[in-house]
$ cat structure.cif   # mmCIF, N, CA and C atoms
data_protein
loop_
_atom_site.label_atom_id
_atom_site.label_comp_id
_atom_site.auth_asym_id
_atom_site.auth_seq_id
_atom_site.Cartn_x
_atom_site.Cartn_y
_atom_site.Cartn_z
N VAL A 666 -11.64 -7.94 -18.49
CA VAL A 666 -11.03 -6.67 -18.14
C VAL A 666 -10.11 -6.27 -19.28
N THR A 667 -10.26 -5.05 -19.74
CA THR A 667 -9.43 -4.53 -20.82
C THR A 667 -8.89 -3.18 -20.41
N SER A 668 -7.65 -2.90 -20.72
CA SER A 668 -7.04 -1.61 -20.43
C SER A 668 -6.84 -0.86 -21.73
N VAL A 669 -7.32 0.39 -21.76
CA VAL A 669 -7.18 1.24 -22.95
C VAL A 669 -6.50 2.52 -22.53
N PRO A 670 -5.24 2.75 -22.93
CA PRO A 670 -4.55 3.98 -22.53
C PRO A 670 -5.23 5.22 -23.08
N ASP A 671 -5.36 6.26 -22.24
CA ASP A 671 -5.89 7.54 -22.71
C ASP A 671 -4.90 8.26 -23.58
N THR A 672 -3.64 8.08 -23.29
CA THR A 672 -2.59 8.74 -24.07
C THR A 672 -1.62 7.68 -24.56
N PRO A 673 -1.98 7.01 -25.69
CA PRO A 673 -1.09 5.95 -26.19
C PRO A 673 0.32 6.48 -26.40
N GLY A 674 1.28 5.65 -26.39
CA GLY A 674 2.66 6.10 -26.57
C GLY A 674 3.25 6.59 -25.26
N GLN A 675 2.64 7.59 -24.64
CA GLN A 675 3.17 8.12 -23.41
C GLN A 675 2.91 7.16 -22.24
N ILE A 676 1.68 6.74 -22.09
CA ILE A 676 1.35 5.90 -20.94
C ILE A 676 1.94 4.51 -21.08
N GLU A 677 2.02 3.98 -22.28
CA GLU A 677 2.51 2.63 -22.47
C GLU A 677 3.98 2.50 -22.08
N LYS A 678 4.72 3.58 -22.09
CA LYS A 678 6.12 3.53 -21.70
C LYS A 678 6.27 3.32 -20.20
N ALA A 679 5.31 3.81 -19.42
CA ALA A 679 5.45 3.77 -17.98
C ALA A 679 4.49 2.79 -17.30
N LEU A 680 3.33 2.59 -17.86
CA LEU A 680 2.28 1.83 -17.20
C LEU A 680 1.81 0.72 -18.13
N HIS A 681 1.78 -0.50 -17.62
CA HIS A 681 1.36 -1.65 -18.41
C HIS A 681 0.40 -2.47 -17.58
N SER A 682 -0.77 -2.77 -18.11
CA SER A 682 -1.72 -3.59 -17.38
C SER A 682 -2.05 -4.85 -18.16
N VAL A 683 -2.32 -5.91 -17.42
CA VAL A 683 -2.62 -7.21 -18.03
C VAL A 683 -3.81 -7.81 -17.30
N ALA A 684 -4.85 -8.16 -18.04
CA ALA A 684 -6.00 -8.83 -17.45
C ALA A 684 -5.70 -10.31 -17.32
N LYS A 685 -6.11 -10.90 -16.23
CA LYS A 685 -5.96 -12.33 -16.04
C LYS A 685 -7.16 -13.04 -16.66
N PRO A 686 -7.00 -14.28 -17.10
CA PRO A 686 -8.08 -14.99 -17.78
C PRO A 686 -9.38 -15.04 -16.99
N SER A 687 -9.31 -15.03 -15.69
CA SER A 687 -10.52 -15.12 -14.88
C SER A 687 -11.31 -13.82 -14.88
N ASP A 688 -10.67 -12.71 -15.32
CA ASP A 688 -11.28 -11.38 -15.30
C ASP A 688 -11.68 -10.93 -13.90
N LYS A 689 -11.11 -11.54 -12.88
CA LYS A 689 -11.40 -11.14 -11.52
C LYS A 689 -10.37 -10.17 -10.97
N TYR A 690 -9.24 -10.08 -11.64
CA TYR A 690 -8.24 -9.10 -11.25
C TYR A 690 -7.33 -8.81 -12.44
N PHE A 691 -6.62 -7.72 -12.34
CA PHE A 691 -5.63 -7.41 -13.36
C PHE A 691 -4.37 -6.94 -12.68
N GLU A 692 -3.28 -7.03 -13.41
CA GLU A 692 -1.98 -6.65 -12.86
C GLU A 692 -1.47 -5.40 -13.55
N ILE A 693 -0.80 -4.57 -12.78
CA ILE A 693 -0.19 -3.35 -13.27
C ILE A 693 1.31 -3.44 -13.05
N SER A 694 2.07 -3.10 -14.06
CA SER A 694 3.52 -2.98 -13.94
C SER A 694 3.89 -1.54 -14.24
N TYR A 695 4.72 -0.97 -13.39
CA TYR A 695 5.14 0.42 -13.55
C TYR A 695 6.64 0.48 -13.33
N ARG A 696 7.36 0.98 -14.32
CA ARG A 696 8.81 1.10 -14.22
C ARG A 696 9.16 2.51 -13.81
N SER A 697 9.99 2.61 -12.76
CA SER A 697 10.40 3.92 -12.26
C SER A 697 11.91 4.01 -12.21
N SER A 698 12.43 5.18 -12.58
CA SER A 698 13.88 5.39 -12.55
C SER A 698 14.35 5.98 -11.23
N GLU A 699 13.40 6.26 -10.33
CA GLU A 699 13.77 6.81 -9.03
C GLU A 699 12.75 6.41 -7.97
N ARG A 700 13.17 6.51 -6.72
CA ARG A 700 12.26 6.25 -5.61
C ARG A 700 11.35 7.45 -5.43
N GLY A 701 10.18 7.22 -4.89
CA GLY A 701 9.26 8.32 -4.65
C GLY A 701 7.90 7.79 -4.24
N GLU A 702 6.98 8.70 -4.07
CA GLU A 702 5.62 8.34 -3.71
C GLU A 702 4.71 8.65 -4.88
N VAL A 703 3.68 7.82 -5.04
CA VAL A 703 2.71 8.03 -6.10
C VAL A 703 1.33 7.66 -5.55
N VAL A 704 0.32 8.37 -6.00
CA VAL A 704 -1.05 8.02 -5.64
C VAL A 704 -1.62 7.18 -6.77
N ARG A 705 -2.17 6.04 -6.41
CA ARG A 705 -2.84 5.19 -7.39
C ARG A 705 -4.31 5.11 -6.99
N SER A 706 -5.17 5.22 -7.98
CA SER A 706 -6.60 5.22 -7.69
C SER A 706 -7.40 4.65 -8.85
N LEU A 707 -8.61 4.26 -8.55
CA LEU A 707 -9.55 3.76 -9.54
C LEU A 707 -10.86 4.49 -9.32
N SER A 708 -11.42 5.05 -10.38
CA SER A 708 -12.71 5.75 -10.27
C SER A 708 -13.62 5.27 -11.39
N ASP A 709 -14.93 5.43 -11.17
CA ASP A 709 -15.85 5.09 -12.24
C ASP A 709 -15.92 6.24 -13.22
N ILE A 710 -16.64 6.07 -14.30
CA ILE A 710 -16.67 7.05 -15.37
C ILE A 710 -17.28 8.38 -14.92
N SER A 711 -18.09 8.36 -13.86
CA SER A 711 -18.68 9.60 -13.35
C SER A 711 -17.72 10.36 -12.43
N GLY A 712 -16.57 9.74 -12.12
CA GLY A 712 -15.58 10.39 -11.26
C GLY A 712 -15.61 9.92 -9.81
N ARG A 713 -16.55 9.05 -9.45
CA ARG A 713 -16.62 8.53 -8.08
C ARG A 713 -15.41 7.64 -7.83
N ILE A 714 -14.67 7.94 -6.77
CA ILE A 714 -13.45 7.18 -6.46
C ILE A 714 -13.82 5.85 -5.81
N ILE A 715 -13.36 4.77 -6.42
CA ILE A 715 -13.58 3.42 -5.90
C ILE A 715 -12.54 3.14 -4.81
N PHE A 716 -11.29 3.46 -5.08
CA PHE A 716 -10.25 3.40 -4.06
C PHE A 716 -9.13 4.35 -4.45
N SER A 717 -8.38 4.75 -3.45
CA SER A 717 -7.23 5.61 -3.66
C SER A 717 -6.25 5.34 -2.53
N GLU A 718 -4.97 5.20 -2.88
CA GLU A 718 -3.96 4.96 -1.87
C GLU A 718 -2.61 5.50 -2.34
N GLN A 719 -1.81 5.88 -1.38
CA GLN A 719 -0.46 6.34 -1.69
C GLN A 719 0.48 5.14 -1.62
N TYR A 720 1.44 5.11 -2.54
CA TYR A 720 2.35 3.97 -2.63
C TYR A 720 3.77 4.48 -2.77
N ASP A 721 4.71 3.80 -2.12
CA ASP A 721 6.12 4.12 -2.26
C ASP A 721 6.71 3.35 -3.43
N LEU A 722 7.18 4.08 -4.44
CA LEU A 722 7.79 3.46 -5.61
C LEU A 722 9.23 3.05 -5.33
N ASN A 723 9.62 1.95 -5.88
CA ASN A 723 11.01 1.51 -5.86
C ASN A 723 11.63 1.75 -7.23
N ILE A 724 12.93 1.82 -7.29
CA ILE A 724 13.61 1.93 -8.57
C ILE A 724 13.43 0.61 -9.32
N GLY A 725 13.09 0.68 -10.60
CA GLY A 725 12.87 -0.52 -11.40
C GLY A 725 11.40 -0.84 -11.52
N GLU A 726 11.11 -2.12 -11.63
CA GLU A 726 9.74 -2.59 -11.86
C GLU A 726 8.94 -2.61 -10.57
N ASN A 727 7.75 -2.05 -10.61
CA ASN A 727 6.81 -2.06 -9.49
C ASN A 727 5.55 -2.77 -9.99
N ASN A 728 5.13 -3.84 -9.30
CA ASN A 728 3.99 -4.64 -9.75
C ASN A 728 2.87 -4.61 -8.72
N PHE A 729 1.63 -4.53 -9.21
CA PHE A 729 0.46 -4.47 -8.36
C PHE A 729 -0.63 -5.34 -8.95
N SER A 730 -1.46 -5.93 -8.09
CA SER A 730 -2.65 -6.65 -8.52
C SER A 730 -3.87 -5.94 -7.97
N TYR A 731 -4.92 -5.86 -8.78
CA TYR A 731 -6.17 -5.25 -8.36
C TYR A 731 -7.29 -6.27 -8.51
N ASP A 732 -8.05 -6.45 -7.43
CA ASP A 732 -9.21 -7.33 -7.46
C ASP A 732 -10.40 -6.52 -7.97
N VAL A 733 -10.94 -6.90 -9.10
CA VAL A 733 -12.08 -6.18 -9.68
C VAL A 733 -13.34 -7.04 -9.71
N SER A 734 -13.32 -8.15 -8.99
CA SER A 734 -14.46 -9.07 -9.02
C SER A 734 -15.72 -8.45 -8.42
N HIS A 735 -15.58 -7.47 -7.56
CA HIS A 735 -16.72 -6.83 -6.91
C HIS A 735 -17.29 -5.66 -7.71
N LEU A 736 -16.63 -5.28 -8.81
CA LEU A 736 -17.07 -4.13 -9.60
C LEU A 736 -18.10 -4.54 -10.66
N GLN A 737 -19.03 -3.64 -10.93
CA GLN A 737 -20.01 -3.87 -11.98
C GLN A 737 -19.35 -3.68 -13.34
N LYS A 738 -19.95 -4.25 -14.36
CA LYS A 738 -19.46 -4.04 -15.71
C LYS A 738 -19.51 -2.55 -16.03
N GLY A 739 -18.49 -2.08 -16.75
CA GLY A 739 -18.48 -0.67 -17.13
C GLY A 739 -17.07 -0.18 -17.38
N VAL A 740 -16.96 1.14 -17.51
CA VAL A 740 -15.69 1.79 -17.78
C VAL A 740 -15.19 2.46 -16.51
N TYR A 741 -13.93 2.25 -16.20
CA TYR A 741 -13.30 2.83 -15.02
C TYR A 741 -12.02 3.53 -15.46
N ILE A 742 -11.56 4.45 -14.65
CA ILE A 742 -10.33 5.17 -14.94
C ILE A 742 -9.30 4.80 -13.87
N LEU A 743 -8.19 4.23 -14.31
CA LEU A 743 -7.08 3.93 -13.43
C LEU A 743 -6.11 5.10 -13.49
N SER A 744 -5.82 5.68 -12.35
CA SER A 744 -4.85 6.78 -12.26
C SER A 744 -3.65 6.27 -11.48
N PHE A 745 -2.49 6.53 -12.03
CA PHE A 745 -1.26 6.11 -11.37
C PHE A 745 -0.30 7.28 -11.50
N GLY A 746 -0.26 8.12 -10.47
CA GLY A 746 0.48 9.36 -10.57
C GLY A 746 -0.15 10.22 -11.63
N GLU A 747 0.62 10.67 -12.60
CA GLU A 747 0.11 11.51 -13.67
C GLU A 747 -0.44 10.72 -14.85
N HIS A 748 -0.34 9.41 -14.82
CA HIS A 748 -0.78 8.55 -15.92
C HIS A 748 -2.21 8.10 -15.70
N ARG A 749 -2.97 7.99 -16.79
CA ARG A 749 -4.36 7.55 -16.75
C ARG A 749 -4.57 6.46 -17.80
N SER A 750 -5.44 5.53 -17.46
CA SER A 750 -5.80 4.48 -18.41
C SER A 750 -7.25 4.09 -18.16
N LYS A 751 -8.00 3.85 -19.23
CA LYS A 751 -9.36 3.36 -19.10
C LYS A 751 -9.32 1.86 -18.89
N ILE A 752 -10.09 1.38 -17.93
CA ILE A 752 -10.23 -0.04 -17.66
C ILE A 752 -11.67 -0.41 -17.98
N ILE A 753 -11.86 -1.35 -18.87
CA ILE A 753 -13.21 -1.78 -19.25
C ILE A 753 -13.46 -3.16 -18.66
N ILE A 754 -14.48 -3.26 -17.83
CA ILE A 754 -14.86 -4.53 -17.22
C ILE A 754 -16.11 -5.02 -17.94
N ASP A 755 -15.98 -6.18 -18.58
CA ASP A 755 -17.13 -6.68 -19.35
C ASP A 755 -17.47 -8.10 -19.03
#
$ encode --input "structure.cif" --output "structure tokens"
Amino acid sequence: VTSVPDTPGQIEKALHSVAKPSDKYFEISYRSSERGEVVRSLSDISGRIIFSEQYDLNIGENNFSYDVSHLQKGVYILSFGEHRSKIIID
């Protein structure tokens, strides 16, 4: 699993992803300066939504794990609020 920011510089300040050695899941860290709600979703390259959910952000570091073991190899788009990142599963 590899994460490639669509907008380097901007997205890296707010959204950070790390693939685990097993490539079965990856972790997302998102730093927020205020509480609020955000929609996080994963879609395939054709735009088909794999999952989408609303999440309540806390002030500071927000960490999430995503299980990608059931996904086929390919390119996916991770959306986290207004931020986007390409996720490559190989």
$ resolve_selection --input "structure.cif" --expression "the PyMOL selection byres ((chain A and resi 706-715) around 5)" --output "list of chain:residue names"
A:Val704, A:Arg705, A:Phe716, A:Ser717, A:Val740, A:Tyr741, A:Ile742, A:Leu743, A:Ser744
$ closest_residue --input "structure.cif" --among "A:His748, A:Ile753, A:Asn727, A:His735" --to "A:Arg696" --atoms "all atoms listed in the file"
A:Asn727
$ atom_distance --input "structure.cif" --atom1 "atom N of A:Ile752" --atom2 "atom CA of A:Glu702"
22.3 Å
$ atom_distance --input "structure.cif" --atom1 "atom CA of A:Glu726" --atom2 "atom N of A:Tyr695"
5.5 Å
$ resolve_selection --input "structure.cif" --expression "the PyMOL selection byres (((chain A and resi 754 and name CA) around 6) and name CA)" --output "list in words"
Val666, Lys738, Gly739, Ile753 and Asp755 of chain A
$ resolve_selection --input "structure.cif" --expression "the PyMOL selection byres ((chain A and resi 734) around 7)" --output "number ranges by chain"
A: 688-690, 731-733, 735-737
$ residues_around --input "structure.cif" --residues "A:Arg700" --least-positions-apart "4" --cutoff "8 Å" --atoms "only N, CA and C atoms" --output "list in words"
Asp721, Leu722, Asn723, Ile724 and Gly725 of chain A
$ write_last_selection --input "structure.cif" --atoms "N, CA and C atoms" --output "mmCIF file, in the frame of the given file"
data_model
loop_
_atom_site.group_PDB
_atom_site.id
_atom_site.type_symbol
_atom_site.label_atom_id
_atom_site.label_comp_id
_atom_site.auth_asym_id
_atom_site.auth_seq_id
_atom_site.Cartn_x
_atom_site.Cartn_y
_atom_site.Cartn_z
ATOM 1 N N ASP A 721 4.710 3.800 -2.120
ATOM 2 C CA ASP A 721 6.120 4.120 -2.260
ATOM 3 C C ASP A 721 6.710 3.350 -3.430
ATOM 4 N N LEU A 722 7.180 4.080 -4.440
ATOM 5 C CA LEU A 722 7.790 3.460 -5.610
ATOM 6 C C LEU A 722 9.230 3.050 -5.330
ATOM 7 N N ASN A 723 9.620 1.950 -5.880
ATOM 8 C CA ASN A 723 11.010 1.510 -5.860
ATOM 9 C C ASN A 723 11.630 1.750 -7.230
ATOM 10 N N ILE A 724 12.930 1.820 -7.290
ATOM 11 C CA ILE A 724 13.610 1.930 -8.570
ATOM 12 C C ILE A 724 13.430 0.610 -9.320
ATOM 13 N N GLY A 725 13.090 0.680 -10.600
ATOM 14 C CA GLY A 725 12.870 -0.520 -11.400
ATOM 15 C C GLY A 725 11.400 -0.840 -11.520
#
$ atom_distance --input "structure.cif" --atom1 "atom N of A:Lys751" --atom2 "atom CA of A:Gly701"
23.0 Å
$ axis_aligned_box --input "structure.cif" --around "stretch 720-738 of chain A" --padding-each-side "6 Å" --output "JSON"
{"center_x": -3.2, "center_y": -2.0, "center_z": -9.1, "size_x": 45.6, "size_y": 26.2, "size_z": 25.9}
